Amino acid sequence: MFDRNTQQIAAVSRAPGNLDLFVIGNDSHVWTTAWSSATNNWNADWGPLPGQAVFDRNTQHVATVSRAPGNLDLFVIGNDGGVGTTNGHVWTTAWSSATGWNADWRPLPGQAVFDRNTQQIAAVSRAPGNLDLFVIGNDSHVWTTFWGLHAANPAISLDPIRNDGGRFIEVAGTGFTPNQGVKLGYHLDNPSGGVGEGHPDAFTSDQTGGSSTLFH
C-alpha cells in the first residue's frame with residue numbers, strides 16, 4: 001500500500017506490449033511492478049529494485065524513460081548534497097533486457113545540485129539511444145543535460161608493470177562508449193624472438209567512457 005497524499009507513480013513503456021511502474025516505497029527503496037501483453041497480466045506483486053540507495057517517499061520523485069526497446073532509465077535528485085542541506089546531485093539506475101538492473105544507483109557526472117524537496121527531474125528520449133533531462137534550476141531557469149550513444153574513439157595507453165607475481169601490462173583507455181562492455185586483445189613481440197599470444201579480455205567502461213584492465 002502507498003500514501004496517496006505523498007507518493008507518486010512513474011510509468012513507462014519499454015517496448016510495445018509492456019508497462020513498467022515505479023514508486024519510492026515505504027521502506028525508502030524504489031519499488032516496481034510490470035504488465036506484459038504476453039501474459040495479459042500484471043506481476044503478482046511489487047518488488048524493490050536492487051541496491052542500497054534510499055530516498056524520501058514524501059519529497060523525492062522518480063522520473064523514468066525508455067531510450068530504446070528493452071531499456072529503462074530512472075532518475076531522482078539524490079541525498080548527497082551534504083549535512084544540513086536538501087541539495088543533491090541527480091542519481092540514476094538502469095535496466096536492459098540483456099543485463100538486467102544495475103547493481104545500484106549512482107550520481108550523474110557534473111557539479112550541479114538541486115533541491116530534492118522542491119525540484120523534480122523530467123526525462124525523455126528524443127531518439128533511440130538518446131536521453132534528455134530537464135529541471136527548473138536554482139536560478140529559476142530550466143536546466144538540461146543529455147546522454148547519447150557515440151562511436152567509440154578510444155585513446156589507449158600501455159604501461160608495463162613488474163611485481164613479484166610476474167609481468168603485467170596495464171591497458172587504460174578513454175573515449176569508449178560509456179557503461180558498455182569492451183573486448184580488447186593484444187599481440188606482443190618477445191625480445192627473444194618469439195611472439196606473445198594474443199587473447200581478448202573483457203571489461204566495462206565507466207560513465208565517462210574510460211576504463212582500464214590488466215593483461216598477464
# chains A, B, ... in the order shown; residues from 1 in each chain; ligands from 1
call {"tool": "closest_atom_pairs", "arguments": {"of": "stretch 54-139 of chain A", "to": "stretch 32-48 of chain A", "cutoff": "12 Å", "atoms": "only C-alpha atoms", "output": "JSON lines"}}
result
{"residue": "A:Val54", "atom": "CA", "partner": "A:Pro48", "partner_atom": "CA", "distance": 10.8}
{"residue": "A:Val62", "atom": "CA", "partner": "A:Thr32", "partner_atom": "CA", "distance": 11.2}
{"residue": "A:Thr64", "atom": "CA", "partner": "A:Thr32", "partner_atom": "CA", "distance": 11.4}
{"residue": "A:Leu72", "atom": "CA", "partner": "A:Thr32", "partner_atom": "CA", "distance": 11.8}
{"residue": "A:Leu74", "atom": "CA", "partner": "A:Thr32", "partner_atom": "CA", "distance": 11.3}
{"residue": "A:Trp95", "atom": "CA", "partner": "A:Thr32", "partner_atom": "CA", "distance": 11.9}
{"residue": "A:Trp101", "atom": "CA", "partner": "A:Pro48", "partner_atom": "CA", "distance": 11.2}
{"residue": "A:Asp104", "atom": "CA", "partner": "A:Pro48", "partner_atom": "CA", "distance": 11.7}
call {"tool": "atom_distance", "arguments": {"atom1": "atom CA of A:Trp105", "atom2": "atom CA of A:Val76"}}
result
9.6 Å
call {"tool": "residues_around", "arguments": {"residues": "A:Gly25", "least_positions_apart": "5", "cutoff": "12 Å", "atoms": "only C-alpha atoms", "output": "list of chain:residue names"}}
result
A:Met1, A:Phe2, A:Asp3, A:Arg4, A:Thr6, A:Gln7, A:Gln8, A:Ile9, A:Val30, A:Trp31, A:Thr32, A:Thr33, A:Trp46, A:Gly47, A:Pro48, A:Leu49, A:Val54, A:Phe55, A:Asp56, A:Arg57, A:Asn58, A:Thr59, A:Gln60, A:His61, A:Val62
call {"tool": "write_last_selection", "arguments": {"atoms": "C-alpha atoms", "output": "CSV table (one decimal), in the first residue's frame"}}
result
chain,number,residue,atom,x,y,z
A,1,MET,CA,0.0,0.0,0.0
A,2,PHE,CA,1.1,3.6,-0.7
A,3,ASP,CA,0.3,7.0,0.6
A,4,ARG,CA,-1.9,8.8,-2.0
A,6,THR,CA,2.7,12.0,-0.8
A,7,GLN,CA,3.9,9.1,-3.1
A,8,GLN,CA,3.8,9.4,-6.9
A,9,ILE,CA,3.9,6.7,-9.6
A,30,VAL,CA,12.3,2.3,-5.3
A,31,TRP,CA,9.7,-0.4,-6.0
A,32,THR,CA,8.4,-1.6,-9.3
A,33,THR,CA,5.7,-3.8,-11.0
A,46,TRP,CA,5.5,-5.0,-6.4
A,47,GLY,CA,9.2,-5.7,-5.7
A,48,PRO,CA,12.2,-3.4,-4.7
A,49,LEU,CA,15.0,-2.6,-7.2
A,54,VAL,CA,17.3,5.1,-0.4
A,55,PHE,CA,15.1,8.1,-1.0
A,56,ASP,CA,12.4,10.0,0.9
A,57,ARG,CA,8.9,8.8,-0.3
A,58,ASN,CA,7.4,12.1,0.9
A,59,THR,CA,9.5,14.5,-1.1
A,60,GLN,CA,11.6,12.7,-3.8
A,61,HIS,CA,10.1,11.5,-7.1
A,62,VAL,CA,11.4,9.2,-9.7
call {"tool": "residues_around", "arguments": {"residues": "A:Ser140", "least_positions_apart": "4", "cutoff": "12 Å", "atoms": "only C-alpha atoms", "output": "PDB file with N, CA and C atoms, in the first residue's frame"}}
result
ATOM      1  N   PHE A 114      20.575  20.116  -6.928  1.00  0.00           N
ATOM      2  CA  PHE A 114      19.210  20.611  -6.915  1.00  0.00           C
ATOM      3  C   PHE A 114      18.556  20.229  -5.594  1.00  0.00           C
ATOM      4  N   GLN A 119      12.431  20.432  -6.261  1.00  0.00           N
ATOM      5  CA  GLN A 119      12.698  20.320  -7.691  1.00  0.00           C
ATOM      6  C   GLN A 119      12.514  18.879  -8.158  1.00  0.00           C
ATOM      7  N   VAL A 135      15.211  20.224 -15.583  1.00  0.00           N
ATOM      8  CA  VAL A 135      14.824  20.575 -14.220  1.00  0.00           C
ATOM      9  C   VAL A 135      14.815  22.095 -14.107  1.00  0.00           C
ATOM     10  N   ILE A 136      13.906  22.641 -13.314  1.00  0.00           N
ATOM     11  CA  ILE A 136      13.940  24.071 -13.033  1.00  0.00           C
ATOM     12  C   ILE A 136      15.074  24.314 -12.052  1.00  0.00           C
TER      13      ILE A 136
END
call {"tool": "atom_distance", "arguments": {"atom1": "atom CA of A:Thr145", "atom2": "atom CA of A:Thr85"}}
result
22.9 Å
call {"tool": "select_by_dssp", "arguments": {"residues": "stretch 15-177 of chain A", "states": "strand (DSSP E)", "output": "ChimeraX atom specification"}}
result
/A:18-24,30-36,41-42,47-48,63-65,71-77,87-88,90-96,100-101,106-107,114-115,122-124,130-136,142-148,155-163,166-174
call {"tool": "residues_around", "arguments": {"residues": "A:Ala123", "least_positions_apart": "5", "cutoff": "12 Å", "atoms": "only C-alpha atoms", "output": "list in words"}}
result
Ala10, Ala11, Val12, Val62, Ala63, Thr64, Val65, Ser66, Arg67, Leu72, Asp73, Leu74, Phe75, Val76, Val90, Thr92, Asn130, Leu131, Asp132, Leu133, Phe134, Val135, Thr144, Thr145, Phe146 and Trp147 of chain A
call {"tool": "atom_distance", "arguments": {"atom1": "atom CA of A:Gly78", "atom2": "atom CA of A:Gln120"}}
result
10.8 Å
